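Colleague: Enclosed is the structure file run_13.txt (compact mmCIF, C-alpha atoms).
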# COMPACT_ATOMS: atom_id res chain seq x y z
CA MET I 1 55.57 5.15 175.67
CA ASN I 2 53.08 7.95 175.05
CA LYS I 3 54.49 11.02 173.31
CA ASN I 4 51.14 12.76 172.87
CA ILE I 5 50.76 15.87 175.03
CA HIS I 6 47.41 17.43 175.91
CA LEU I 7 47.76 21.18 175.28
CA GLN I 8 45.70 23.64 177.31
CA ASP I 9 45.88 27.44 177.30
CA LEU I 10 44.38 28.62 180.58
CA GLY I 11 44.53 32.32 179.67
CA ASN I 12 44.88 34.72 182.61
CA LYS I 13 44.60 32.66 185.78
CA ASP I 14 45.22 33.33 189.46
CA TYR I 15 48.48 31.67 190.52
CA LYS I 16 46.94 29.54 193.27
CA VAL I 17 44.14 28.34 190.99
CA ALA I 18 46.67 27.30 188.32
CA TRP I 19 48.95 25.72 190.93
CA ASP I 20 46.06 23.65 192.33
CA TYR I 21 45.20 22.54 188.80
CA GLN I 22 48.81 21.54 188.17
CA GLU I 23 48.78 19.54 191.39
CA GLN I 24 45.57 17.81 190.28
CA LEU I 25 47.07 16.74 186.94
CA PHE I 26 50.38 15.81 188.59
CA LYS I 27 48.61 13.58 191.11
CA GLU I 28 46.49 12.05 188.34
CA ILE I 29 49.63 10.94 186.49
CA VAL I 30 51.42 9.70 189.61
CA ASP I 31 48.35 7.70 190.71
CA PHE I 32 48.02 6.34 187.19
CA LYS I 33 51.62 5.14 187.30
CA ILE I 34 51.11 3.43 190.65
CA HIS I 35 48.08 1.51 189.37
CA LYS I 36 49.74 0.88 186.02
CA ARG I 37 51.89 -1.79 187.62
CA SER I 38 48.94 -4.17 187.45
CA ASN I 39 48.35 -3.29 183.78
CA PRO I 40 51.65 -2.38 182.09
CA GLU I 41 49.95 -2.06 178.69
CA THR I 42 48.29 1.23 179.66
CA VAL I 43 50.03 4.55 178.96
CA THR I 44 50.28 7.62 181.17
CA PRO I 45 49.01 11.00 179.93
CA ASN I 46 51.11 14.16 179.48
CA TYR I 47 49.99 17.78 179.70
CA PHE I 48 51.33 21.19 178.72
CA LEU I 49 49.69 24.29 180.18
CA PHE I 50 50.12 27.85 178.96
CA VAL I 51 49.03 30.52 181.44
CA GLU I 52 49.42 34.19 182.26
CA HIS I 53 49.26 35.17 185.92
CA PRO I 54 48.20 38.38 187.62
CA HIS I 55 51.13 40.00 189.48
CA VAL I 56 52.61 37.40 191.83
CA TYR I 57 55.93 36.52 193.47
CA THR I 58 56.76 32.88 194.12
CA LEU I 59 59.52 31.46 196.31
CA GLY I 60 60.97 28.00 195.67
CA LYS I 61 61.53 25.48 198.45
CA SER I 62 65.25 26.29 198.70
CA GLY I 63 64.73 30.05 198.37
CA ASP I 64 65.41 32.85 200.84
CA VAL I 65 62.39 34.98 201.73
CA SER I 66 64.71 37.97 202.28
CA ASN I 67 65.00 38.13 198.47
CA LEU I 68 61.47 39.58 198.50
CA LEU I 69 62.00 43.29 199.12
CA LEU I 70 58.37 44.17 199.86
CA SER I 71 56.30 44.04 203.02
CA GLU I 72 52.83 42.49 203.04
CA LYS I 73 51.29 45.97 202.85
CA GLN I 74 53.51 46.98 199.93
CA LEU I 75 52.52 43.82 198.08
CA GLU I 76 48.89 44.77 198.52
CA THR I 77 49.55 48.31 197.27
CA LYS I 78 51.14 46.92 194.10
CA GLY I 79 48.27 44.50 193.57
CA ALA I 80 50.57 41.52 193.91
CA THR I 81 50.43 38.26 195.85
CA PHE I 82 53.15 36.02 197.28
CA TYR I 83 53.39 32.23 197.59
CA LYS I 84 55.96 29.78 198.93
CA ILE I 85 55.81 26.84 196.55
CA ASN I 86 57.26 23.38 195.97
CA ARG I 87 59.44 23.92 192.90
CA GLY I 88 63.20 24.26 192.86
CA GLY I 89 64.93 27.62 192.65
CA ASP I 90 64.58 30.87 194.56
CA ILE I 91 62.23 33.81 194.02
CA THR I 92 60.70 34.95 190.77
CA TYR I 93 57.92 37.16 189.45
CA HIS I 94 54.99 36.29 187.19
CA GLY I 95 52.65 38.81 185.63
CA PRO I 96 50.87 40.13 182.55
CA GLY I 97 52.91 40.00 179.35
CA GLN I 98 54.81 36.91 180.47
CA ILE I 99 54.35 33.51 178.85
CA VAL I 100 54.38 30.79 181.50
CA GLY I 101 54.61 27.16 180.45
CA TYR I 102 53.92 24.21 182.75
CA PRO I 103 54.81 20.85 181.17
CA ILE I 104 53.32 18.10 183.33
CA LEU I 105 54.98 15.10 181.78
CA ASP I 106 55.73 11.52 182.66
CA LEU I 107 59.40 11.57 181.70
CA GLU I 108 59.32 7.80 181.35
CA ASN I 109 57.50 8.56 178.11
CA PHE I 110 60.54 10.52 176.93
CA PHE I 111 63.76 10.03 178.94
CA THR I 112 64.55 9.65 182.63
CA ASP I 113 67.05 12.46 183.14
CA ILE I 114 66.08 15.65 185.00
CA HIS I 115 69.28 17.43 183.98
CA LYS I 116 68.53 16.69 180.33
CA TYR I 117 64.94 17.81 180.83
CA LEU I 118 66.03 21.22 182.14
CA ARG I 119 68.54 21.62 179.30
CA PHE I 120 65.78 20.78 176.79
CA LEU I 121 63.48 23.41 178.32
CA GLU I 122 66.29 25.96 178.01
CA GLU I 123 66.92 24.88 174.41
CA VAL I 124 63.23 25.39 173.54
CA ILE I 125 63.52 29.03 174.64
CA ILE I 126 66.97 29.52 173.05
CA LEU I 127 65.62 28.29 169.69
CA THR I 128 62.51 30.44 170.03
CA LEU I 129 64.59 33.56 170.70
CA SER I 130 66.82 32.77 167.73
CA GLU I 131 63.80 33.22 165.46
CA TYR I 132 63.82 36.86 166.60
CA ASN I 133 67.58 37.11 166.00
CA ILE I 134 68.25 37.16 169.74
CA ILE I 135 71.08 35.01 171.07
CA GLY I 136 69.92 33.32 174.25
CA VAL I 137 72.49 31.33 176.23
CA ARG I 138 72.90 29.32 179.42
CA SER I 139 74.76 30.67 182.42
CA GLU I 140 76.81 28.05 184.23
CA GLY I 141 75.22 27.07 187.54
CA GLU I 142 72.14 29.24 186.88
CA THR I 143 69.09 27.57 185.34
CA GLY I 144 67.22 29.60 182.75
CA VAL I 145 68.04 31.57 179.62
CA TRP I 146 70.22 34.67 179.58
CA LEU I 147 71.60 37.28 177.21
CA ASP I 148 75.18 38.57 177.08
CA VAL I 149 76.49 36.23 179.78
CA GLY I 150 80.07 37.04 180.80
CA THR I 151 79.63 40.76 180.17
CA PRO I 152 78.56 43.62 182.48
CA PHE I 153 75.24 43.59 180.58
CA ALA I 154 74.18 40.02 181.44
CA ARG I 155 70.41 39.83 181.84
CA LYS I 156 67.86 37.08 182.27
CA ILE I 157 64.94 36.72 179.90
CA CYS I 158 63.50 33.36 181.00
CA ALA I 159 63.33 31.85 184.50
CA MET I 160 62.86 28.14 185.16
CA GLY I 161 62.05 25.95 188.13
CA VAL I 162 60.60 22.47 188.24
CA ARG I 163 59.46 19.77 190.60
CA ALA I 164 59.65 16.06 189.79
CA SER I 165 58.49 12.93 191.58
CA ARG I 166 58.34 9.40 190.13
CA TRP I 167 59.64 11.03 186.94
CA VAL I 168 56.53 13.23 186.69
CA THR I 169 57.22 16.97 186.26
CA MET I 170 55.38 20.15 187.15
CA HIS I 171 56.06 23.92 187.19
CA GLY I 172 58.28 25.01 184.28
CA PHE I 173 59.39 28.24 182.59
CA ALA I 174 58.45 31.93 182.51
CA LEU I 175 59.48 33.88 179.41
CA ASN I 176 59.30 37.67 179.60
CA VAL I 177 57.67 38.82 176.38
CA ASN I 178 55.83 42.10 177.12
CA SER I 179 56.52 42.20 180.86
CA ASP I 180 56.50 45.24 183.13
CA LEU I 181 60.10 44.87 184.30
CA GLY I 182 59.55 47.31 187.17
CA TYR I 183 58.05 44.45 189.20
CA PHE I 184 61.43 42.71 189.21
CA ASP I 185 62.86 45.66 191.16
CA ASN I 186 60.97 44.38 194.20
CA ILE I 187 62.96 41.14 194.42
CA ILE I 188 66.45 39.78 194.01
CA PRO I 189 65.47 37.63 191.00
CA CYS I 190 66.36 33.97 191.53
CA GLY I 191 68.45 35.13 194.48
CA ILE I 192 71.18 36.37 192.11
CA LYS I 193 72.45 39.85 192.92
CA GLY I 194 73.81 42.28 190.37
CA LYS I 195 72.20 40.85 187.24
CA ALA I 196 69.41 42.48 185.30
CA VAL I 197 66.19 41.11 183.82
CA THR I 198 64.87 41.83 180.36
CA SER I 199 61.88 41.16 178.11
CA LEU I 200 61.53 40.24 174.44
CA ASN I 201 59.81 43.49 173.49
CA VAL I 202 62.60 45.51 175.13
CA GLU I 203 65.27 43.57 173.26
CA LEU I 204 63.45 44.06 169.96
CA GLY I 205 62.79 47.74 170.67
CA VAL I 206 59.05 47.41 170.07
CA LYS I 207 56.03 48.25 172.19
CA GLU I 208 54.47 44.80 171.99
CA VAL I 209 55.33 41.35 170.64
CA ASN I 210 52.60 39.01 169.38
CA GLU I 211 52.37 36.51 172.25
CA GLN I 212 50.36 33.94 170.30
CA GLU I 213 53.13 33.86 167.70
CA VAL I 214 55.72 33.27 170.44
CA LYS I 215 53.63 30.44 171.89
CA GLU I 216 53.43 28.76 168.50
CA LYS I 217 57.21 28.93 168.12
CA ILE I 218 57.68 27.49 171.62
CA LEU I 219 55.35 24.59 170.85
CA ASN I 220 57.09 23.87 167.56
CA HIS I 221 60.52 23.64 169.18
CA PHE I 222 59.19 21.72 172.17
CA SER I 223 57.54 19.18 169.88
CA ASN I 224 60.73 18.72 167.84
CA LEU I 225 63.04 18.36 170.82
CA PHE I 226 60.80 16.01 172.77
CA GLN I 227 59.69 14.20 169.56
CA SER I 228 56.13 14.71 170.74
CA THR I 229 52.73 15.64 169.33
CA PHE I 230 50.38 18.18 170.87
CA ILE I 231 46.75 17.18 170.92
Show the structure stored in the file as structure tokens.

Modeller:
Amino acid sequence: MNKNIHLQDLGNKDYKVAWDYQEQLFKEIVDFKIHKRSNPETVTPNYFLFVEHPHVYTLGKSGDVSNLLLSEKQLETKGATFYKINRGGDITYHGPGQIVGYPILDLENFFTDIHKYLRFLEEVIILTLSEYNIIGVRSEGETGVWLDVGTPFARKICAMGVRASRWVTMHGFALNVNSDLGYFDNIIPCGIKGKAVTSLNVELGVKEVNEQEVKEKILNHFSNLFQSTFI
């Protein structure tokens, strides 16, 4: 098993460009696994991508396009794009001030359990938030990380959606750190009506949170939970 993970920070990258790159790495690992059968001594690589996207809305394969509340012209006016993609989940928003993480892992290097994988991703964010004295929690039946679940003030701070094939993962999480929350008003986030969205800077009552610091905390907790090393 290979628990080393190649870390790459792509900076600000168009969604489609980053998606194509994910697909390239995903296919590389899957193809590697197929050919590995003839040489079981070889190990498959793992990747973790950080990226920030320009304004974009993405709809998962089981999502409802009616949860996008903008026309094509309105999208253009707001400088946003829209893509139907191959992850799970419904609609979400990505944009500046949001930390997006795409772990592209061969889970056979770690554990073969998608449910556990999603819970571990949530735990990474929950532990990261706890370092800012924010209590992040899970909401039953709703993937991601929330605040004040079970109250009228429930709000989502981190969305998640993944794809897996042959135990290889892609897509991942989107943590709102310094996000312009107004862009969420143009969708029914994750297809869930009546629940708000928040951002780390809003919860802390500050203008801006150091995003590099947040990334380092995420990597630390990810490494501990997955017993992995970033290279």

Colleague: I:Tyr132, I:Phe120, I:Phe184, I:Tyr15: which is nearest Met160 in chain I, counting only C-alpha atoms?

Modeller: I:Phe120

Colleague: So that I can see what lies close to Leu225 in chain I, please list as a VMD selection string the residues with an atom at most 12 Å from it, counting all atoms listed in the file and leaving out residues fewer than 5 positions away in the same chain.

Modeller: chain I and resid 3 110 to 111 116 to 117 119 to 125 127 218 to 220

Colleague: Those residues with C-alpha atoms, as a PDB file, keeping the file's coordinate frame please?

Modeller:
ATOM      1  CA  LYS I   3      54.490  11.020 173.310  1.00  0.00           C
ATOM      2  CA  PHE I 110      60.540  10.520 176.930  1.00  0.00           C
ATOM      3  CA  PHE I 111      63.760  10.030 178.940  1.00  0.00           C
ATOM      4  CA  LYS I 116      68.530  16.690 180.330  1.00  0.00           C
ATOM      5  CA  TYR I 117      64.940  17.810 180.830  1.00  0.00           C
ATOM      6  CA  ARG I 119      68.540  21.620 179.300  1.00  0.00           C
ATOM      7  CA  PHE I 120      65.780  20.780 176.790  1.00  0.00           C
ATOM      8  CA  LEU I 121      63.480  23.410 178.320  1.00  0.00           C
ATOM      9  CA  GLU I 122      66.290  25.960 178.010  1.00  0.00           C
ATOM     10  CA  GLU I 123      66.920  24.880 174.410  1.00  0.00           C
ATOM     11  CA  VAL I 124      63.230  25.390 173.540  1.00  0.00           C
ATOM     12  CA  ILE I 125      63.520  29.030 174.640  1.00  0.00           C
ATOM     13  CA  LEU I 127      65.620  28.290 169.690  1.00  0.00           C
ATOM     14  CA  ILE I 218      57.680  27.490 171.620  1.00  0.00           C
ATOM     15  CA  LEU I 219      55.350  24.590 170.850  1.00  0.00           C
ATOM     16  CA  ASN I 220      57.090  23.870 167.560  1.00  0.00           C
TER      17      ASN I 220
END

Colleague: Asp31 in chain I: which residues within 12 Å, counting only C-alpha atoms, same-chain residues fewer than 6 positions away excluded, as a ChimeraX atom specification?

Modeller: /I:23-25,37,44-45,106,165-166,168

Colleague: Give me a file of those residues, with C-alpha atoms, as a tab-separated table (two decimals), in the coordinates of the input.

Modeller:
chain	number	residue	atom	x	y	z
I	23	GLU	CA	48.78	19.54	191.39
I	24	GLN	CA	45.57	17.81	190.28
I	25	LEU	CA	47.07	16.74	186.94
I	37	ARG	CA	51.89	-1.79	187.62
I	44	THR	CA	50.28	7.62	181.17
I	45	PRO	CA	49.01	11.00	179.93
I	106	ASP	CA	55.73	11.52	182.66
I	165	SER	CA	58.49	12.93	191.58
I	166	ARG	CA	58.34	9.40	190.13
I	168	VAL	CA	56.53	13.23	186.69

Colleague: Find the spatial neighbours of Ala164 in chain I, counting only C-alpha atoms, within a cut-off of 10 Å - ignore same-chain residues fewer than 3 positions away - and output them as a list in words.

Modeller: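 Neighbouring residues, sequence-local ones excluded: Phe26, Asn86, Arg87, Gly88, Ile104, Leu105, Asp106, Leu107, Ile114, Trp167, Val168, Thr169, Met170 and His171 of chain I.
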
Colleague: Output C-alpha atoms of each residue in that selection to a file, as a CSV table (one decimal), keeping the file's coordinate frame.

Modeller:
chain,number,residue,atom,x,y,z
I,26,PHE,CA,50.4,15.8,188.6
I,86,ASN,CA,57.3,23.4,196.0
I,87,ARG,CA,59.4,23.9,192.9
I,88,GLY,CA,63.2,24.3,192.9
I,104,ILE,CA,53.3,18.1,183.3
I,105,LEU,CA,55.0,15.1,181.8
I,106,ASP,CA,55.7,11.5,182.7
I,107,LEU,CA,59.4,11.6,181.7
I,114,ILE,CA,66.1,15.6,185.0
I,167,TRP,CA,59.6,11.0,186.9
I,168,VAL,CA,56.5,13.2,186.7
I,169,THR,CA,57.2,17.0,186.3
I,170,MET,CA,55.4,20.2,187.2
I,171,HIS,CA,56.1,23.9,187.2

Colleague: Go through range 120-197 of chain I and flag each residue having an atom no more than 6 Å from range 62-76 of chain I; for those, report the closest pair of atoms plus their distance in Å to one decimal, using all atoms listed in the file, ordered by chain and rising number, as JSON lines.

Modeller:
{"residue": "I:Asn186", "atom": "CA", "partner": "I:Leu69", "partner_atom": "CA", "distance": 5.1}
{"residue": "I:Ile187", "atom": "CA", "partner": "I:Leu68", "partner_atom": "CA", "distance": 4.6}
{"residue": "I:Ile188", "atom": "CA", "partner": "I:Asn67", "partner_atom": "CA", "distance": 5.0}

Colleague: I'd like the interatomic distance between CA of Glu203 in chain I and CA of Gly60 in chain I, to a tenth of an Å.

Modeller: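 Taking CA of Glu203 in chain I and CA of Gly60 in chain I, their separation equals 27.6 Å.
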
Colleague: Quote the spacing between CA of Leu204 in chain I and CA of Thr128 in chain I in Å to one decimal place.

Modeller: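 Distance between the two atoms: 13.7 Å.
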
Colleague: Using only C-alpha atoms for the distances, tell me which of I:Ile29, I:Val206, I:Val43, I:Ile99 is nearest to Lys13 in chain I.

Modeller: I:Ile99
